[in-house]
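J.: Take this structure first; my questions come after.
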Amino acid sequence: SQTIHQWPATLVQPVGSPLSLECTVEGTSNPNLYWYRQAAGRGLQLLFYSVGIGQISSEVPQNLSASRPQDRQFILSSKKLLLSDSGFYLCAWSAYAGGEKLFFGSGTQLSVL
Amino acid sequence: GENVEQHPSTLSVQEGDSAVIKCTYSDSASNYFPWYKQELGKRPQLIIDIRSNVGEKKDQRIAVTLNKTAKHFSLHITETQPEDSAVYFCAASRGYGGSQGNLIFGKGTKLSVKP
C-alpha cells in the first residue's frame, strides 16, 4: 500500500531564516506530487505541483520554491522566511495516470516569528 | 479556470439531525468531485467522490449528489454524530493529467455537531 511521509510535524522559525520541508511517498512510482498551504481557518491553497523529476509548476508566485530531486521526494524551500509564510503545509500525491484522488501527508505546522 | 464556491462556511446541527453542504463550480468540463474531511490539526481525508456520469452516490450515512446542468453538487450527512464535527472541503477537477487535472477546492465548511 502507498504511504506518504512528511516532516517535521511542527516548526518554529525566525523571520529571515531558511526553510526546508520534505515529503516522500512509498509504494507507488511516478506519482504527481503537490504542496498546499492552509492558513488558520482557511482553505487549501495549491502552491506547487510536479508530474515528474525536476518538473515543477508554481501556482502562486511567492517567497517559496519546490524541488523534486527523486521520483518520490518533494521538497519545499525558502531562502528567507516571512511572517506571512506561517501556516499548515500539506504535501499530497496522486497517481500519475488519470489519478484524481489526492492523498495528503500529515502536515507541517510552521510558525514564523 | 475553475472556481468552486462552497456554502455555508459554518454549520451547526444537533446530534441525529442531517447536514447538507453545497458547492457550485464554474468549469463545465469538470467531471470529478471529491469531498474531504479535515479534523482539527489533521490531514484532509477523502470521504466520498463522484464522477459526472453519476447523479448520486451513497456510503452509509454519507451521500453526494451532482447536478451537471446547474453545476452544483452537495454532501449529505444523515444521523449526524459528534465525531462528524470537522471541516469539510469540496473540490472539482477535469480528472486528467496536467494542470487541468488539479483539484480546485472550496473554502471549506466547519461542521459542529452538538450532543
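Labeling convention for the C-alpha cells: chains A, B, ... as they appear, residues from 1 per chain, ligands from 1 in order of appearance.
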Got a sec to pull out which chain B residues are within 10 Å of chain A, counting only C-alpha atoms, and send them as an mmCIF file with C-alpha atoms, in the first residue's frame?

T.:
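Printed below is selection-v1.cif as written:
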data_model
loop_
_atom_site.group_PDB
_atom_site.id
_atom_site.type_symbol
_atom_site.label_atom_id
_atom_site.label_comp_id
_atom_site.auth_asym_id
_atom_site.auth_seq_id
_atom_site.Cartn_x
_atom_site.Cartn_y
_atom_site.Cartn_z
ATOM 1 C CA TYR B 32 -14.615 14.617 -10.838
ATOM 2 C CA PHE B 33 -15.971 15.882 -7.498
ATOM 3 C CA PRO B 34 -14.470 14.653 -4.226
ATOM 4 C CA TYR B 36 -12.586 15.766 2.062
ATOM 5 C CA LEU B 40 -8.610 19.806 13.774
ATOM 6 C CA GLY B 41 -4.853 19.676 13.228
ATOM 7 C CA LYS B 42 -5.099 16.637 10.985
ATOM 8 C CA ARG B 43 -4.735 15.984 7.285
ATOM 9 C CA PRO B 44 -7.718 16.195 4.916
ATOM 10 C CA GLN B 45 -9.044 12.752 4.110
ATOM 11 C CA LEU B 46 -11.175 11.703 1.173
ATOM 12 C CA ASP B 49 -16.283 11.219 -4.501
ATOM 13 C CA VAL B 87 -14.114 20.981 8.301
ATOM 14 C CA TYR B 88 -15.417 19.613 5.019
ATOM 15 C CA PHE B 89 -13.969 20.616 1.647
ATOM 16 C CA ALA B 92 -13.607 19.745 -8.648
ATOM 17 C CA SER B 93 -11.290 18.825 -11.487
ATOM 18 C CA ARG B 94 -11.292 17.773 -15.114
ATOM 19 C CA GLY B 95 -9.845 14.498 -13.982
ATOM 20 C CA TYR B 96 -6.841 14.080 -16.218
ATOM 21 C CA GLY B 97 -3.145 14.831 -16.105
ATOM 22 C CA GLY B 98 -1.520 18.202 -16.212
ATOM 23 C CA SER B 99 -2.666 21.379 -14.530
ATOM 24 C CA GLY B 101 -6.391 17.751 -13.606
ATOM 25 C CA ASN B 102 -5.502 19.567 -10.419
ATOM 26 C CA LEU B 103 -8.212 19.712 -7.811
ATOM 27 C CA ILE B 104 -9.702 23.120 -7.100
ATOM 28 C CA PHE B 105 -11.006 23.264 -3.547
ATOM 29 C CA GLY B 106 -13.837 25.179 -1.982
ATOM 30 C CA LYS B 107 -13.047 27.247 1.113
ATOM 31 C CA GLY B 108 -14.466 24.684 3.491
ATOM 32 C CA THR B 109 -17.421 24.268 5.850
ATOM 33 C CA LYS B 110 -16.896 23.924 9.573
#

J.: Residues near Leu111 of chain B, anyone? I mean within 10 Å using only C-alpha atoms, not counting same-chain ones fewer than 3 positions away, as number ranges by chain.

T.: B: 8-13, 19-21, 37, 82, 84-88, 108, 114

J.: Kindly save the residues from that selection, with C-alpha atoms included, as an mmCIF file, in the first residue's frame.

T.:
data_model
loop_
_atom_site.group_PDB
_atom_site.id
_atom_site.type_symbol
_atom_site.label_atom_id
_atom_site.label_comp_id
_atom_site.auth_asym_id
_atom_site.auth_seq_id
_atom_site.Cartn_x
_atom_site.Cartn_y
_atom_site.Cartn_z
ATOM 1 C CA PRO B 8 -22.232 27.528 4.258
ATOM 2 C CA SER B 9 -18.885 28.394 5.815
ATOM 3 C CA THR B 10 -20.127 27.190 9.203
ATOM 4 C CA LEU B 11 -22.907 24.769 10.080
ATOM 5 C CA SER B 12 -24.158 23.726 13.487
ATOM 6 C CA VAL B 13 -26.600 20.847 13.929
ATOM 7 C CA ALA B 19 -26.363 18.223 7.475
ATOM 8 C CA VAL B 20 -26.116 19.464 3.912
ATOM 9 C CA ILE B 21 -23.164 21.291 2.372
ATOM 10 C CA LYS B 37 -12.969 15.804 5.824
ATOM 11 C CA PRO B 82 -20.280 14.322 17.358
ATOM 12 C CA ASP B 84 -18.708 14.148 12.282
ATOM 13 C CA SER B 85 -17.563 17.535 13.593
ATOM 14 C CA ALA B 86 -14.805 18.718 11.258
ATOM 15 C CA VAL B 87 -14.114 20.981 8.301
ATOM 16 C CA TYR B 88 -15.417 19.613 5.019
ATOM 17 C CA GLY B 108 -14.466 24.684 3.491
ATOM 18 C CA LYS B 114 -23.862 19.253 19.253
#

J.: In terms of the shortest atom-to-atom distance over only C-alpha atoms, which of A:Ser17, A:Thr24, A:Gln6, A:Gln38 is closest to Gln73 of chain A?

T.: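 That would be A:Thr24, the residue with the smallest distance to Gln73 of chain A.
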
J.: Could you write out, as a ChimeraX atom specification, all the residues of chain B that DSSP marks as strand (DSSP E)?

T.: /B:4-7,10-14,19-25,32-38,45-51,56-59,62-67,72-77,86-92,104-105,109-114

J.: Print the selection's residues with C-alpha atoms to a file, as a PDB file, in the first residue's frame.

T.:
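And here's again.pdb as it stands now:
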ATOM      1  CA  VAL B   4     -15.508  26.350  -6.641  1.00  0.00           C
ATOM      2  CA  GLU B   5     -17.853  28.085  -4.219  1.00  0.00           C
ATOM      3  CA  GLN B   6     -18.867  26.322  -1.002  1.00  0.00           C
ATOM      4  CA  HIS B   7     -21.699  27.138   1.403  1.00  0.00           C
ATOM      5  CA  THR B  10     -20.127  27.190   9.203  1.00  0.00           C
ATOM      6  CA  LEU B  11     -22.907  24.769  10.080  1.00  0.00           C
ATOM      7  CA  SER B  12     -24.158  23.726  13.487  1.00  0.00           C
ATOM      8  CA  VAL B  13     -26.600  20.847  13.929  1.00  0.00           C
ATOM      9  CA  GLN B  14     -27.942  18.735  16.752  1.00  0.00           C
ATOM     10  CA  ALA B  19     -26.363  18.223   7.475  1.00  0.00           C
ATOM     11  CA  VAL B  20     -26.116  19.464   3.912  1.00  0.00           C
ATOM     12  CA  ILE B  21     -23.164  21.291   2.372  1.00  0.00           C
ATOM     13  CA  LYS B  22     -23.423  22.723  -1.124  1.00  0.00           C
ATOM     14  CA  CYS B  23     -20.839  23.571  -3.764  1.00  0.00           C
ATOM     15  CA  THR B  24     -21.022  25.147  -7.188  1.00  0.00           C
ATOM     16  CA  TYR B  25     -18.391  25.001  -9.897  1.00  0.00           C
ATOM     17  CA  TYR B  32     -14.615  14.617 -10.838  1.00  0.00           C
ATOM     18  CA  PHE B  33     -15.971  15.882  -7.498  1.00  0.00           C
ATOM     19  CA  PRO B  34     -14.470  14.653  -4.226  1.00  0.00           C
ATOM     20  CA  TRP B  35     -15.237  15.608  -0.646  1.00  0.00           C
ATOM     21  CA  TYR B  36     -12.586  15.766   2.062  1.00  0.00           C
ATOM     22  CA  LYS B  37     -12.969  15.804   5.824  1.00  0.00           C
ATOM     23  CA  GLN B  38     -10.360  17.532   7.958  1.00  0.00           C
ATOM     24  CA  GLN B  45      -9.044  12.752   4.110  1.00  0.00           C
ATOM     25  CA  LEU B  46     -11.175  11.703   1.173  1.00  0.00           C
ATOM     26  CA  ILE B  47     -14.595  10.572   2.362  1.00  0.00           C
ATOM     27  CA  ILE B  48     -16.555  10.251  -0.862  1.00  0.00           C
ATOM     28  CA  ASP B  49     -16.283  11.219  -4.501  1.00  0.00           C
ATOM     29  CA  ILE B  50     -18.494  11.265  -7.563  1.00  0.00           C
ATOM     30  CA  ARG B  51     -17.941  11.431 -11.301  1.00  0.00           C
ATOM     31  CA  GLU B  56     -25.819  10.275  -6.713  1.00  0.00           C
ATOM     32  CA  LYS B  57     -23.556   8.114  -4.615  1.00  0.00           C
ATOM     33  CA  LYS B  58     -24.047   6.812  -1.076  1.00  0.00           C
ATOM     34  CA  ASP B  59     -21.763   5.364   1.546  1.00  0.00           C
ATOM     35  CA  ILE B  62     -22.879   9.989   3.643  1.00  0.00           C
ATOM     36  CA  ALA B  63     -24.219  10.775   0.194  1.00  0.00           C
ATOM     37  CA  VAL B  64     -23.214  13.114  -2.592  1.00  0.00           C
ATOM     38  CA  THR B  65     -25.494  14.408  -5.330  1.00  0.00           C
ATOM     39  CA  LEU B  66     -24.467  16.077  -8.570  1.00  0.00           C
ATOM     40  CA  ASN B  67     -26.479  18.305 -10.869  1.00  0.00           C
ATOM     41  CA  HIS B  72     -23.601  22.120  -8.332  1.00  0.00           C
ATOM     42  CA  PHE B  73     -23.026  19.186  -6.023  1.00  0.00           C
ATOM     43  CA  SER B  74     -23.876  18.569  -2.402  1.00  0.00           C
ATOM     44  CA  LEU B  75     -22.763  16.477   0.546  1.00  0.00           C
ATOM     45  CA  HIS B  76     -25.470  14.996   2.745  1.00  0.00           C
ATOM     46  CA  ILE B  77     -24.736  13.546   6.164  1.00  0.00           C
ATOM     47  CA  ALA B  86     -14.805  18.718  11.258  1.00  0.00           C
ATOM     48  CA  VAL B  87     -14.114  20.981   8.301  1.00  0.00           C
ATOM     49  CA  TYR B  88     -15.417  19.613   5.019  1.00  0.00           C
ATOM     50  CA  PHE B  89     -13.969  20.616   1.647  1.00  0.00           C
ATOM     51  CA  CYS B  90     -15.478  20.056  -1.759  1.00  0.00           C
ATOM     52  CA  ALA B  91     -13.346  20.054  -4.887  1.00  0.00           C
ATOM     53  CA  ALA B  92     -13.607  19.745  -8.648  1.00  0.00           C
ATOM     54  CA  ILE B 104      -9.702  23.120  -7.100  1.00  0.00           C
ATOM     55  CA  PHE B 105     -11.006  23.264  -3.547  1.00  0.00           C
ATOM     56  CA  THR B 109     -17.421  24.268   5.850  1.00  0.00           C
ATOM     57  CA  LYS B 110     -16.896  23.924   9.573  1.00  0.00           C
ATOM     58  CA  LEU B 111     -19.496  21.462  10.803  1.00  0.00           C
ATOM     59  CA  SER B 112     -20.269  21.294  14.512  1.00  0.00           C
ATOM     60  CA  VAL B 113     -22.499  18.506  15.792  1.00  0.00           C
ATOM     61  CA  LYS B 114     -23.862  19.253  19.253  1.00  0.00           C
TER      62      LYS B 114
END

J.: What's the 7 Å shell around Ser67 of chain A, counting only C-alpha atoms, without same-chain residues fewer than 5 positions away, as number ranges by chain?

T.: A: 54, 56, 74-76

J.: State, in Å with one decimal place, the distance from atom CA of Ala39 of chain A to atom CA of Ala66 of chain A.

T.: 18.7 Å

J.: Using only C-alpha atoms, which protein or nucleic acid residues come within 7 Å of Leu47 of chain A? Drop anything in the same chain fewer than 4 positions from it, and give the result as a list in words.

T.: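 Once the adjacent positions are removed, what remains is Trp35, Tyr36, Arg37, Ser58, Glu59 and Val60 of chain A.
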
J.: Could you pull the residues within 8 Å of Gly16 of chain B, counting only C-alpha atoms, minus those fewer than 2 positions along the same chain, as a count of residues only?

T.: 6

J.: What's around segment 83-86 of chain A at 7 Å? Count only C-alpha atoms, leave out sequence neighbours fewer than 3 positions away in its own chain, and write the answer as a PDB file with N, CA, C and O atoms, in the first residue's frame.

T.:
ATOM      1  N   VAL A  15      11.908  35.046  11.439  1.00  0.00           N
ATOM      2  CA  VAL A  15      11.837  35.742  10.149  1.00  0.00           C
ATOM      3  C   VAL A  15      13.234  35.838   9.544  1.00  0.00           C
ATOM      4  O   VAL A  15      14.206  36.117  10.245  1.00  0.00           O
ATOM      5  N   LEU A 110       3.889  25.403  10.511  1.00  0.00           N
ATOM      6  CA  LEU A 110       5.017  26.338  10.505  1.00  0.00           C
ATOM      7  C   LEU A 110       4.609  27.654  11.141  1.00  0.00           C
ATOM      8  O   LEU A 110       3.619  28.266  10.734  1.00  0.00           O
ATOM      9  N   SER A 111       5.371  28.066  12.127  1.00  0.00           N
ATOM     10  CA  SER A 111       5.167  29.373  12.751  1.00  0.00           C
ATOM     11  C   SER A 111       6.409  30.204  12.527  1.00  0.00           C
ATOM     12  O   SER A 111       7.507  29.804  12.946  1.00  0.00           O
ATOM     13  N   VAL A 112       6.249  31.336  11.873  1.00  0.00           N
ATOM     14  CA  VAL A 112       7.360  32.241  11.635  1.00  0.00           C
ATOM     15  C   VAL A 112       7.209  33.409  12.604  1.00  0.00           C
ATOM     16  O   VAL A 112       6.184  34.100  12.605  1.00  0.00           O
ATOM     17  N   LEU A 113       8.218  33.618  13.442  1.00  0.00           N
ATOM     18  CA  LEU A 113       8.126  34.633  14.492  1.00  0.00           C
ATOM     19  C   LEU A 113       9.116  35.766  14.288  1.00  0.00           C
ATOM     20  O   LEU A 113      10.144  35.574  13.629  1.00  0.00           O
TER      21      LEU A 113
END
